[in-house]
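A.B. asks: Here you go, this is start.txt (compact mmCIF, C-alpha atoms and all ligand atoms).
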# COMPACT_ATOMS: atom_id res chain seq x y z
CA MET A 982 128.55 153.24 73.62
CA GLY A 983 126.03 151.65 75.95
CA LYS A 984 122.98 149.56 76.78
CA VAL A 985 119.69 150.72 78.29
CA LEU A 986 116.84 148.81 79.85
CA VAL A 987 113.57 150.63 79.12
CA ILE A 988 110.69 149.84 81.47
CA GLY A 989 107.23 150.50 80.03
CA CYS A 990 106.14 150.41 76.41
CA GLY A 991 103.36 153.04 76.29
CA GLY A 992 103.11 156.32 74.39
CA VAL A 993 106.24 157.97 75.81
CA ALA A 994 108.42 154.83 75.76
CA GLN A 995 107.59 154.12 72.11
CA VAL A 996 108.90 157.55 71.10
CA ALA A 997 111.98 157.39 73.35
CA ILE A 998 112.90 153.93 72.04
CA GLN A 999 112.51 154.96 68.39
CA LYS A 1000 114.69 158.01 69.05
CA CYS A 1001 117.34 155.84 70.80
CA VAL A 1002 117.38 153.62 67.72
CA GLN A 1003 117.90 156.69 65.47
CA ASN A 1004 120.90 157.44 67.75
CA SER A 1005 122.46 153.97 67.52
CA THR A 1006 126.08 155.05 68.06
CA VAL A 1007 125.10 155.97 71.64
CA PHE A 1008 122.36 153.36 72.15
CA GLU A 1009 124.01 150.15 70.97
CA GLU A 1010 121.62 147.84 72.83
CA ILE A 1011 118.10 148.20 74.24
CA CYS A 1012 116.05 145.77 76.27
CA ILE A 1013 112.36 146.77 76.26
CA ALA A 1014 110.55 145.35 79.29
CA SER A 1015 106.95 145.96 80.29
CA ARG A 1016 103.88 144.43 81.85
CA THR A 1017 102.36 143.55 78.44
CA LYS A 1018 105.25 141.93 76.57
CA SER A 1019 103.36 141.82 73.24
CA LYS A 1020 103.62 145.64 73.00
CA CYS A 1021 107.44 145.32 73.37
CA ASP A 1022 107.53 142.60 70.70
CA ASP A 1023 105.38 144.67 68.31
CA LEU A 1024 107.75 147.64 68.67
CA LYS A 1025 110.77 145.39 68.20
CA ALA A 1026 109.20 144.08 64.96
CA LYS A 1027 108.55 147.66 63.76
CA LEU A 1028 112.26 148.46 64.34
CA GLU A 1029 113.52 145.33 62.54
CA GLY A 1030 116.77 146.03 60.66
CA SER A 1031 117.94 148.84 62.96
CA LYS A 1032 121.60 149.00 64.03
CA THR A 1033 120.67 148.95 67.73
CA LYS A 1034 120.32 145.41 69.10
CA ILE A 1035 116.84 145.04 70.63
CA THR A 1036 115.56 142.40 73.04
CA THR A 1037 112.28 142.25 74.99
CA ALA A 1038 111.16 140.97 78.37
CA LYS A 1039 108.10 140.82 80.61
CA VAL A 1040 108.38 142.51 84.00
CA ASP A 1041 106.12 143.63 86.80
CA ALA A 1042 107.79 146.87 87.84
CA ASP A 1043 105.92 146.88 91.16
CA ASN A 1044 108.02 143.85 92.15
CA VAL A 1045 111.57 144.75 93.23
CA ASP A 1046 112.89 141.17 93.12
CA GLU A 1047 111.66 140.72 89.54
CA LEU A 1048 113.32 143.99 88.57
CA ILE A 1049 116.61 143.02 90.23
CA ALA A 1050 116.64 139.65 88.42
CA LEU A 1051 115.99 141.40 85.08
CA ILE A 1052 118.70 144.03 85.64
CA GLN A 1053 121.18 141.33 86.69
CA ALA A 1054 120.39 139.30 83.57
CA GLU A 1055 120.54 142.26 81.15
CA LYS A 1056 123.35 144.28 82.79
CA PRO A 1057 122.32 147.68 81.35
CA ASP A 1058 124.33 150.86 81.91
CA LEU A 1059 121.08 152.72 82.61
CA VAL A 1060 117.46 151.91 83.43
CA MET A 1061 114.97 154.28 81.76
CA ASN A 1062 111.76 154.24 83.77
CA LEU A 1063 109.03 155.10 81.26
CA ALA A 1064 106.28 153.20 83.10
CA LEU A 1065 104.10 155.16 85.54
CA PRO A 1066 105.01 157.37 88.53
CA TYR A 1067 103.80 154.60 90.88
CA GLN A 1068 106.83 152.48 89.91
CA ASP A 1069 109.56 155.09 90.57
CA LEU A 1070 110.58 153.80 94.01
CA THR A 1071 110.58 150.08 93.21
CA ILE A 1072 112.73 150.74 90.15
CA MET A 1073 115.07 153.01 92.16
CA ASP A 1074 115.38 150.24 94.79
CA ALA A 1075 116.32 147.73 92.10
CA CYS A 1076 118.87 150.17 90.61
CA LEU A 1077 120.45 150.65 94.03
CA ALA A 1078 120.63 146.90 94.64
CA THR A 1079 122.36 146.37 91.28
CA GLN A 1080 124.37 149.65 91.20
CA THR A 1081 122.74 150.79 87.96
CA ASN A 1082 121.99 154.35 86.82
CA TYR A 1083 118.33 155.47 86.74
CA LEU A 1084 116.23 157.98 84.75
CA ASP A 1085 112.53 158.90 84.77
CA THR A 1086 110.13 161.55 83.43
CA ALA A 1087 107.69 161.97 86.33
CA ASN A 1088 108.11 162.04 90.09
CA TYR A 1089 106.81 159.43 92.46
CA GLU A 1090 103.15 159.48 93.36
CA PRO A 1091 101.57 157.03 95.82
CA HIS A 1092 98.54 155.14 94.50
CA ASP A 1093 96.28 156.34 97.32
CA THR A 1094 97.17 160.08 97.36
CA ALA A 1095 97.02 162.28 94.25
CA LYS A 1096 99.99 164.34 95.43
CA PHE A 1097 103.27 164.14 93.62
CA GLU A 1098 106.35 165.41 95.41
CA TYR A 1099 110.09 164.87 95.17
CA LYS A 1100 110.56 164.05 98.87
CA TRP A 1101 110.36 160.28 98.40
CA GLN A 1102 112.97 160.26 95.64
CA TRP A 1103 115.22 162.88 97.24
CA ALA A 1104 115.43 160.51 100.23
CA TYR A 1105 117.64 158.26 98.03
CA ARG A 1106 120.32 160.95 97.53
CA GLU A 1107 122.99 159.67 99.93
CA ARG A 1108 122.46 156.04 98.96
CA PHE A 1109 122.84 156.75 95.22
CA GLU A 1110 125.92 158.87 95.88
CA ALA A 1111 127.48 156.19 98.10
CA ALA A 1112 126.76 153.55 95.43
CA GLY A 1113 128.49 155.74 92.80
CA ILE A 1114 125.38 155.87 90.54
CA THR A 1115 123.17 158.65 89.15
CA ALA A 1116 119.40 159.07 89.23
CA LEU A 1117 118.21 161.70 86.74
CA LEU A 1118 114.69 162.74 87.71
CA GLY A 1119 112.12 164.31 85.39
CA SER A 1120 113.76 164.10 81.97
CA GLY A 1121 110.60 164.69 79.92
CA PHE A 1122 109.36 168.04 78.60
CA ASP A 1123 107.75 169.50 81.68
CA PRO A 1124 109.56 168.66 83.88
CA GLY A 1125 112.67 168.16 81.79
CA VAL A 1126 113.09 170.61 78.93
CA THR A 1127 111.42 173.38 80.99
CA SER A 1128 114.03 172.69 83.70
CA VAL A 1129 116.87 172.81 81.13
CA PHE A 1130 115.38 176.07 79.76
CA SER A 1131 115.58 177.48 83.32
CA ALA A 1132 119.24 176.46 83.74
CA HIS A 1133 119.98 177.88 80.27
CA ALA A 1134 118.28 181.21 81.10
CA LEU A 1135 120.23 181.50 84.36
CA LYS A 1136 123.54 180.59 82.72
CA HIS A 1137 123.28 182.76 79.60
CA HIS A 1138 120.69 185.51 80.10
CA PHE A 1139 120.34 186.60 83.73
CA ASP A 1140 122.31 187.51 86.83
CA GLU A 1141 119.14 186.88 88.79
CA ILE A 1142 115.80 185.30 87.77
CA GLU A 1143 112.85 186.73 89.72
CA TYR A 1144 109.78 185.32 87.96
CA ILE A 1145 109.21 182.14 85.97
CA ASP A 1146 105.97 181.33 84.14
CA ILE A 1147 105.91 177.89 82.54
CA LEU A 1148 103.29 177.75 79.77
CA ASP A 1149 102.15 174.40 78.38
CA CYS A 1150 99.82 174.78 75.41
CA ASN A 1151 98.33 171.91 73.48
CA GLY A 1152 96.62 173.43 70.45
CA GLY A 1153 95.93 169.96 69.03
CA ASP A 1154 92.45 168.71 68.17
CA HIS A 1155 91.78 164.93 68.16
CA GLY A 1156 88.10 165.25 67.31
CA TYR A 1157 86.84 163.38 70.42
CA PRO A 1158 84.62 165.32 72.88
CA PHE A 1159 86.87 164.07 75.72
CA ALA A 1160 90.19 162.22 75.78
CA THR A 1161 93.51 162.70 77.57
CA ASN A 1162 96.75 162.97 75.67
CA PHE A 1163 98.83 160.96 78.09
CA ASN A 1164 97.96 158.24 80.58
CA PRO A 1165 94.33 159.16 81.55
CA GLU A 1166 94.63 158.19 85.21
CA ILE A 1167 97.79 160.26 85.78
CA ASN A 1168 96.45 163.16 83.69
CA ILE A 1169 93.11 163.40 85.51
CA ARG A 1170 94.77 163.08 88.94
CA GLU A 1171 96.98 166.03 87.95
CA VAL A 1172 94.24 168.36 86.72
CA THR A 1173 91.65 167.67 89.43
CA ALA A 1174 94.13 168.34 92.25
CA ASN A 1175 94.40 171.77 93.90
CA GLY A 1176 96.51 174.27 92.02
CA SER A 1177 99.57 175.83 93.63
CA TYR A 1178 102.44 178.17 92.89
CA TRP A 1179 105.61 179.27 94.63
CA GLU A 1180 105.80 182.84 95.91
CA ASN A 1181 108.26 184.50 98.29
CA GLY A 1182 109.59 181.21 99.67
CA ALA A 1183 106.25 179.43 100.23
CA TRP A 1184 103.52 177.51 98.39
CA VAL A 1185 100.26 179.33 97.66
CA GLU A 1186 97.44 176.82 97.18
CA THR A 1187 94.32 177.41 95.03
CA GLU A 1188 91.15 175.49 94.26
CA PRO A 1189 91.50 173.33 91.10
CA MET A 1190 91.44 175.49 87.93
CA ALA A 1191 90.73 178.63 90.01
CA ILE A 1192 93.21 180.88 88.17
CA LYS A 1193 92.56 181.39 84.46
CA ARG A 1194 94.49 183.48 81.95
CA VAL A 1195 94.26 183.91 78.17
CA TYR A 1196 97.50 183.80 76.20
CA ASN A 1197 98.34 184.30 72.54
CA PHE A 1198 100.82 181.48 71.85
CA PRO A 1199 103.28 181.86 68.97
CA GLU A 1200 102.24 179.61 66.03
CA VAL A 1201 99.14 178.36 67.91
CA GLY A 1202 97.04 181.43 68.73
CA GLN A 1203 94.88 182.52 71.64
CA LYS A 1204 94.03 179.87 74.26
CA ASP A 1205 92.56 179.71 77.76
CA MET A 1206 95.08 178.40 80.28
CA TYR A 1207 94.76 177.47 83.95
CA LEU A 1208 97.21 177.45 86.83
CA LEU A 1209 98.15 173.92 87.98
CA HIS A 1210 100.50 172.48 90.56
CA HIS A 1211 103.42 170.99 88.64
CA GLU A 1212 106.45 169.09 89.82
CA GLU A 1213 109.27 171.20 88.38
CA ILE A 1214 108.15 174.16 90.53
CA GLU A 1215 109.36 172.26 93.61
CA SER A 1216 112.91 171.67 92.37
CA LEU A 1217 113.28 175.00 90.52
CA ALA A 1218 112.34 176.84 93.73
CA LEU A 1219 115.47 175.28 95.29
CA ASN A 1220 117.78 175.46 92.29
CA ILE A 1221 117.10 178.97 90.94
CA PRO A 1222 118.56 181.14 93.71
CA GLY A 1223 116.44 184.10 94.81
CA VAL A 1224 113.46 183.32 92.55
CA LYS A 1225 110.38 185.18 93.81
CA ARG A 1226 107.57 183.40 91.99
CA ILE A 1227 107.14 180.29 89.81
CA ARG A 1228 103.81 179.46 88.18
CA PHE A 1229 102.70 176.72 85.76
CA PHE A 1230 99.81 177.12 83.32
CA MET A 1231 98.27 174.53 81.01
CA THR A 1232 95.70 175.12 78.26
CA PHE A 1233 92.35 173.34 78.30
CA GLY A 1234 89.45 173.69 75.89
CA GLN A 1235 85.87 174.23 77.06
CA SER A 1236 84.73 170.75 75.96
CA TYR A 1237 87.46 169.06 78.06
CA LEU A 1238 86.57 171.15 81.13
CA THR A 1239 82.81 170.61 80.81
CA HIS A 1240 83.25 166.83 80.54
CA LEU A 1241 85.72 166.79 83.42
CA LYS A 1242 83.38 168.78 85.68
CA CYS A 1243 80.54 166.43 84.87
CA LEU A 1244 82.68 163.33 85.52
CA GLU A 1245 83.87 164.86 88.79
CA ASN A 1246 80.33 165.74 89.85
CA VAL A 1247 79.17 162.14 89.39
CA GLY A 1248 82.20 160.74 91.26
CA MET A 1249 83.99 159.18 88.28
CA THR A 1250 87.35 160.88 88.98
CA SER A 1251 87.57 159.63 92.58
CA ILE A 1252 90.53 157.48 93.65
CA GLU A 1253 88.64 156.11 96.69
CA PRO A 1254 87.80 152.43 96.09
CA ILE A 1255 84.08 151.56 95.93
CA GLU A 1256 82.30 148.20 95.98
CA PHE A 1257 80.72 147.24 92.63
CA GLU A 1258 79.05 143.84 92.12
CA GLY A 1259 81.06 142.34 94.98
CA LYS A 1260 84.38 143.73 93.74
CA GLN A 1261 86.43 146.75 94.84
CA ILE A 1262 86.99 149.17 91.98
CA ILE A 1263 88.54 152.64 91.77
CA PRO A 1264 86.24 154.91 89.73
CA LEU A 1265 89.15 156.77 88.06
CA GLN A 1266 90.77 153.49 86.95
CA PHE A 1267 87.45 152.38 85.45
CA LEU A 1268 87.11 155.73 83.68
CA ALA A 1269 90.68 155.39 82.31
CA ALA A 1270 89.74 151.98 80.91
CA VAL A 1271 86.79 153.36 78.91
CA LEU A 1272 88.57 156.46 77.56
CA PRO A 1273 90.50 156.34 74.26
CA ASP A 1274 94.05 155.03 74.58
CA PRO A 1275 96.30 158.13 74.21
CA ALA A 1276 98.34 156.20 71.61
CA SER A 1277 95.20 155.96 69.43
CA LEU A 1278 94.97 159.79 69.21
CA GLY A 1279 98.05 159.97 66.97
CA PRO A 1280 96.42 159.54 63.55
CA ARG A 1281 93.51 161.88 64.46
CA THR A 1282 95.30 164.83 66.04
CA LYS A 1283 95.91 168.03 64.08
CA GLY A 1284 97.52 171.25 65.33
CA LYS A 1285 100.56 172.20 67.36
CA THR A 1286 101.88 172.27 70.90
CA ASN A 1287 103.85 175.20 72.31
CA ILE A 1288 105.62 174.63 75.62
CA GLY A 1289 108.09 177.07 77.12
CA CYS A 1290 109.08 179.43 79.92
CA ILE A 1291 108.92 183.20 80.34
CA PHE A 1292 111.64 184.52 82.66
CA ARG A 1293 111.86 187.99 84.17
CA GLY A 1294 114.82 189.20 86.19
CA LYS A 1295 117.96 191.29 86.13
CA LYS A 1296 120.96 191.39 83.83
CA ASP A 1297 123.76 193.90 84.42
CA GLY A 1298 121.47 195.82 86.78
CA LYS A 1299 118.66 196.17 84.21
CA ASP A 1300 115.25 194.48 83.99
CA LYS A 1301 115.17 191.74 81.37
CA THR A 1302 112.52 189.38 79.93
CA TYR A 1303 113.26 186.17 78.03
CA TYR A 1304 110.86 183.59 76.55
CA VAL A 1305 112.16 180.25 75.25
CA TYR A 1306 109.79 177.66 73.79
CA ASN A 1307 109.36 174.74 71.44
CA VAL A 1308 106.58 174.36 68.91
CA CYS A 1309 105.76 170.81 67.85
CA ASP A 1310 103.31 169.71 65.16
CA HIS A 1311 101.08 166.70 65.96
CA GLU A 1312 100.82 165.55 62.33
CA ALA A 1313 104.58 165.83 61.74
CA CYS A 1314 105.23 163.70 64.87
CA TYR A 1315 102.75 161.12 63.63
CA ALA A 1316 104.31 161.05 60.16
CA GLU A 1317 107.78 160.50 61.67
CA LEU A 1318 107.14 158.03 64.51
CA GLY A 1319 103.43 157.14 64.54
CA SER A 1320 102.82 159.16 67.72
CA GLN A 1321 101.11 162.41 68.79
CA ALA A 1322 103.10 165.41 70.00
CA ILE A 1323 102.59 164.94 73.77
CA SER A 1324 104.33 161.55 73.76
CA TYR A 1325 106.88 162.93 71.26
CA THR A 1326 107.77 165.99 73.36
CA THR A 1327 108.27 163.70 76.40
CA GLY A 1328 110.04 160.79 74.68
CA VAL A 1329 112.69 162.88 72.90
CA PRO A 1330 114.04 164.50 76.12
CA ALA A 1331 114.00 161.10 77.83
CA MET A 1332 116.35 159.88 75.08
CA ILE A 1333 118.52 163.02 75.34
CA GLY A 1334 118.77 162.71 79.15
CA ALA A 1335 119.85 159.08 78.73
CA MET A 1336 122.37 160.21 76.11
CA MET A 1337 123.81 162.79 78.56
CA LEU A 1338 124.40 160.02 81.11
CA LEU A 1339 125.72 157.39 78.67
CA THR A 1340 128.18 159.82 77.04
CA GLY A 1341 129.35 161.07 80.46
CA LYS A 1342 128.44 164.69 79.62
CA TRP A 1343 126.38 164.64 82.80
CA ASP A 1344 128.16 162.58 85.42
CA LYS A 1345 127.36 163.69 88.98
CA LYS A 1346 126.69 160.79 91.34
CA GLY A 1347 123.53 160.97 93.45
CA VAL A 1348 119.90 161.98 92.77
CA TYR A 1349 119.42 165.09 90.62
CA THR A 1350 116.80 166.95 88.65
CA VAL A 1351 117.66 168.07 85.14
CA GLU A 1352 118.36 171.75 85.91
CA GLU A 1353 121.23 170.73 88.23
CA PHE A 1354 123.42 169.87 85.22
CA ASP A 1355 125.06 172.02 82.53
CA PRO A 1356 122.20 172.86 80.12
CA ASP A 1357 124.43 173.47 77.07
CA PRO A 1358 124.95 169.90 75.77
CA PHE A 1359 121.22 169.12 76.25
CA MET A 1360 120.12 172.34 74.49
CA GLU A 1361 122.45 171.47 71.60
CA GLU A 1362 120.77 168.10 71.09
CA LEU A 1363 117.12 169.26 71.24
CA GLY A 1364 116.96 170.59 67.68
CA LYS A 1365 118.86 167.64 66.24
CA TRP A 1366 116.30 165.17 67.58
CA GLY A 1367 113.12 167.02 66.60
CA LEU A 1368 112.49 169.67 69.28
CA PRO A 1369 114.07 172.93 68.07
CA TRP A 1370 113.71 175.88 70.44
CA GLN A 1371 112.95 179.49 69.69
CA GLU A 1372 113.42 182.60 71.79
CA SER A 1373 111.93 186.05 72.19
CA PHE A 1374 113.11 189.02 74.25
CA ASP A 1375 109.85 190.92 74.08
CA PRO A 1376 107.06 188.40 74.72
CA GLU A 1377 103.52 189.05 75.88
CA LEU A 1378 103.59 188.68 79.68
CA VAL A 1379 101.11 186.83 81.91
CA ASP A 1380 99.55 189.09 84.59
P1 LIG A 1401 101.17 154.83 79.14
O1 LIG A 1401 100.05 154.48 80.03
O2 LIG A 1401 100.95 155.01 77.68
O3 LIG A 1401 102.38 153.77 79.30
C1 LIG A 1401 102.77 153.27 80.55
C2 LIG A 1401 103.50 151.98 80.29
O4 LIG A 1401 103.98 151.48 81.55
C3 LIG A 1401 102.64 150.90 79.66
O5 LIG A 1401 103.38 150.20 78.71
C4 LIG A 1401 102.31 150.01 80.86
O6 LIG A 1401 102.07 148.66 80.56
C5 LIG A 1401 103.59 150.10 81.65
N1 LIG A 1401 103.38 149.74 83.05
C6 LIG A 1401 102.46 150.23 83.90
N2 LIG A 1401 102.54 149.61 85.09
C7 LIG A 1401 103.54 148.69 84.97
C8 LIG A 1401 104.12 147.73 85.84
N3 LIG A 1401 103.68 147.59 87.10
N4 LIG A 1401 105.12 146.97 85.38
C9 LIG A 1401 105.60 147.11 84.12
N5 LIG A 1401 105.10 148.00 83.24
C10 LIG A 1401 104.08 148.78 83.67
O7 LIG A 1401 101.81 156.18 79.77
P2 LIG A 1401 102.65 157.31 79.00
O8 LIG A 1401 103.62 156.66 78.09
O9 LIG A 1401 101.69 158.32 78.51
O10 LIG A 1401 103.44 157.97 80.23
C11 LIG A 1401 104.62 157.38 80.72
C12 LIG A 1401 105.23 158.26 81.80
O11 LIG A 1401 105.56 159.54 81.28
C13 LIG A 1401 104.28 158.54 82.99
O12 LIG A 1401 105.02 158.45 84.18
C14 LIG A 1401 103.84 159.97 82.76
O13 LIG A 1401 103.50 160.61 83.98
C15 LIG A 1401 105.10 160.54 82.17
N6 LIG A 1401 104.90 161.79 81.41
C16 LIG A 1401 105.80 162.80 81.62
C17 LIG A 1401 105.67 163.99 80.93
C18 LIG A 1401 106.72 165.06 81.05
O14 LIG A 1401 106.72 165.98 80.24
N7 LIG A 1401 107.64 165.00 82.00
C19 LIG A 1401 104.55 164.22 80.00
C20 LIG A 1401 103.72 163.04 79.77
C21 LIG A 1401 103.89 161.89 80.48
P3 LIG A 1401 100.70 148.15 79.85
O15 LIG A 1401 101.00 148.32 78.41
O16 LIG A 1401 100.55 146.76 80.29
O17 LIG A 1401 99.60 149.06 80.35
Would you write the structure of this file as structure tokens?
C.D. replies:
Amino acid sequence: MGKVLVIGCGGVAQVAIQKCVQNSTVFEEICIASRTKSKCDDLKAKLEGSKTKITTAKVDADNVDELIALIQAEKPDLVMNLALPYQDLTIMDACLATQTNYLDTANYEPHDTAKFEYKWQWAYRERFEAAGITALLGSGFDPGVTSVFSAHALKHHFDEIEYIDILDCNGGDHGYPFATNFNPEINIREVTANGSYWENGAWVETEPMAIKRVYNFPEVGQKDMYLLHHEEIESLALNIPGVKRIRFFMTFGQSYLTHLKCLENVGMTSIEPIEFEGKQIIPLQFLAAVLPDPASLGPRTKGKTNIGCIFRGKKDGKDKTYYVYNVCDHEACYAELGSQAISYTTGVPAMIGAMMLLTGKWDKKGVYTVEEFDPDPFMEELGKWGLPWQESFDPELVD
């Protein structure tokens, strides 16, 4: 049916590509391009014998001209940006120049400010529409599946959604005192930033990790979770009409938090460059280099993730509550694809989002987040590709 160019070959990309290859009637051809080409070649070798035709290339995704040349040579139907949020705009520029569809899993974040927002990517709306191409933003799990869950809840369960709590629980244990389960630099920027939530039409900002709750997650058990700023809040606040409050909580264990506090206190999480032995270095980038590679956590991680959304609102004039979530087992993910569940839960929806565009099930031209499309075909695919969802109409609520 089509050809994709995947940019990046890290934890998330490796899952997405393996899932595309399992779905070879849709993904007939894949070019894997990244900064370190040997990682692309190793994955290609692992997938030897698959029906999907695979090629590899080296690309610096910070360089628009290099990207344009690669897209012109490969002529994909869609570019899947599975590199880092820093590359979103250069890749969108190259897609515009070559009139090629675009997909990513995380919104743009400038190198020098740890503040991710959609405004930079939403500024491309008219240009993508005029070029007759689609940019699908945030097709991972959160954002991504949590956004589809929201569209699904609105379409099938509510006349009006008033409250959304997005709960991201990683009950996995990798045995290290401190490690991050996706790109360390991006992860630490996210969790050390101020928290915020949306209430009555405005952002409410908190100190980092200032709001803590305890929640008993189905199939995982009781965990401490903390309120974070998260990107889907920004688009859901616009796309779920009349919503009064949206919050995002993520679980963290005490060992992770104690190490993080200590690293913060000594300045290791700073993104301000410092001079070291005559060279400028960014402490957080140095820290990322000494931490375990998230891909190496796969064989060591045991336990489950549970990510989902609790909605409260009105249906037929009555109060209603609805919880929809996915539970994913780290060891089962590793047995299937050689990856831990965080990369798995992000890579699968990246493949499904790409499938929605390639099959034409989602075909609006312009720049859109996932909840702006019909959730039904995406929800149908989730279980088939390893992320079945479950629902409850009487969940424990978060106060
Ligand atoms: P990794 O660090 O494992 O992989 C990133 C990949 O991008 C690496 O292969 C890296 O190359 C490549 N890359 C980085 N810079 C460039 C560049 N300038 N040119 C070409 N390639 C480059 O990250 P993850 O796989 O963990 O995360 C990927 C994305 O997924 C991130 O944007 C992250 O924020 C997002 N994410 C989204 C989630 C969601 O639920 N929506 C959840 C988790 C992650 P090299 O191998 O040389 O380092």
A.B. asks: Show me the residues around (124.1, 155.1, 90.9) - criterion: an atom at most 6 Å away, all atoms listed in the file counted - as a PDB file with C-alpha atoms, keeping the file's coordinate frame.
C.D. replies:
ATOM      1  CA  GLN A1080     124.370 149.650  91.200  1.00  0.00           C
ATOM      2  CA  THR A1081     122.740 150.790  87.960  1.00  0.00           C
ATOM      3  CA  ASN A1082     121.990 154.350  86.820  1.00  0.00           C
ATOM      4  CA  PHE A1109     122.840 156.750  95.220  1.00  0.00           C
ATOM      5  CA  ALA A1112     126.760 153.550  95.430  1.00  0.00           C
ATOM      6  CA  GLY A1113     128.490 155.740  92.800  1.00  0.00           C
ATOM      7  CA  ILE A1114     125.380 155.870  90.540  1.00  0.00           C
ATOM      8  CA  THR A1115     123.170 158.650  89.150  1.00  0.00           C
TER       9      THR A1115
END
A.B. asks: Using only C-alpha atoms and all ligand atoms, find each residue of chain A with at least one atom at most 7 Å away from an atom of ligand LIG 1401 (chain A); report its shortest atom-to-atom pair and that distance in Å (one decimal), sort the rows by chain and rising residue number, and return the result as a tab-separated table.
C.D. replies:
residue	atom	partner	partner_atom	distance
A:Ile988	CA	A:LIG1401	N5	6.1
A:Gly989	CA	A:LIG1401	O4	3.7
A:Cys990	CA	A:LIG1401	O5	3.6
A:Gly991	CA	A:LIG1401	O3	3.2
A:Gly992	CA	A:LIG1401	O8	3.8
A:Val993	CA	A:LIG1401	O8	3.7
A:Ala994	CA	A:LIG1401	O8	5.6
A:Ser1015	CA	A:LIG1401	N5	4.0
A:Arg1016	CA	A:LIG1401	C9	3.9
A:Thr1017	CA	A:LIG1401	O16	4.1
A:Lys1020	CA	A:LIG1401	O15	6.6
A:Val1040	CA	A:LIG1401	C9	5.4
A:Asp1041	CA	A:LIG1401	N4	3.8
A:Ala1042	CA	A:LIG1401	N4	3.6
A:Asp1043	CA	A:LIG1401	N3	4.7
A:Leu1063	CA	A:LIG1401	C12	5.0
A:Ala1064	CA	A:LIG1401	O4	3.3
A:Leu1065	CA	A:LIG1401	O12	3.7
A:Pro1066	CA	A:LIG1401	O12	4.5
A:Gln1068	CA	A:LIG1401	N3	6.5
A:Thr1086	CA	A:LIG1401	N7	4.5
A:Ala1087	CA	A:LIG1401	O12	4.9
A:Gly1119	CA	A:LIG1401	N7	5.7
A:Ser1120	CA	A:LIG1401	N7	6.2
A:Gly1121	CA	A:LIG1401	N7	3.6
A:Phe1122	CA	A:LIG1401	O14	3.7
A:Asp1123	CA	A:LIG1401	O14	3.9
A:Pro1124	CA	A:LIG1401	N7	4.5
A:Gly1125	CA	A:LIG1401	N7	5.9
A:Phe1163	CA	A:LIG1401	O9	3.9
A:Asn1164	CA	A:LIG1401	O9	4.3
A:Ile1167	CA	A:LIG1401	O13	6.0
A:Pro1275	CA	A:LIG1401	O2	6.6
A:Ala1276	CA	A:LIG1401	O2	6.7
A:Ile1323	CA	A:LIG1401	C20	6.4
A:Ser1324	CA	A:LIG1401	C20	6.2
A:Thr1326	CA	A:LIG1401	O14	7.0
A:Thr1327	CA	A:LIG1401	O14	4.7
A.B. asks: When you look at Leu1217 (chain A) with a cut-off of 10 Å (counting only C-alpha atoms), what residues show up, excluding the ones that are within fewer than 4 positions of it in the same chain? I need them as a list in words.
C.D. replies: Pro1124, Thr1127, Ser1128, Ser1131, Ala1132, Ile1145, Trp1179, Glu1212, Glu1213, Ile1221, Pro1222, Val1224, Ile1227, Thr1350, Val1351, Glu1352 and Glu1353 of chain A
A.B. asks: When you draw a straight line from CA of Thr1006 (chain A) to CA of Glu1029 (chain A), how long is it in Å?
C.D. replies: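 A separation of 16.8 Å between them.
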A.B. asks: Choose the residue, out of A:Ser1216, A:Lys1039, A:Asn1004, A:Gly1367, that has the smallest atom-to-atom separation from Lys1018 (chain A); count only C-alpha atoms.
C.D. replies: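 Of all the options, A:Lys1039 lies closest to Lys1018 (chain A).
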A.B. asks: Env of Gln1371 (chain A): 9 Å cut, atoms = only C-alpha atoms, seq-sep filter 3 positions within chain, self excluded. Answer as a ChimeraX atom specification.
C.D. replies: /A:1304-1308
A.B. asks: Quick one: which region 1270-1306 of chain A residues come within 7 Å of region 1151-1161 of chain A, and what is the nearest atom pair for each with the distance in Å to one decimal, counting all atoms listed in the file, rows ordered by chain and ascending number, as a tab-separated table?
C.D. replies:
residue	atom	partner	partner_atom	distance
A:Leu1272	CA	A:Ala1160	CA	6.2
A:Pro1273	CA	A:Ala1160	CA	6.1
A:Pro1275	CA	A:Thr1161	CA	6.3
A:Leu1278	CA	A:His1155	CA	6.1
A:Arg1281	CA	A:His1155	CA	5.1
A:Thr1282	CA	A:His1155	CA	4.1
A:Lys1283	CA	A:Gly1153	CA	5.3
A:Gly1284	CA	A:Gly1153	CA	4.2
A:Lys1285	CA	A:Gly1152	CA	5.2
A:Thr1286	CA	A:Asn1151	CA	4.4
A:Asn1287	CA	A:Asn1151	CA	6.5
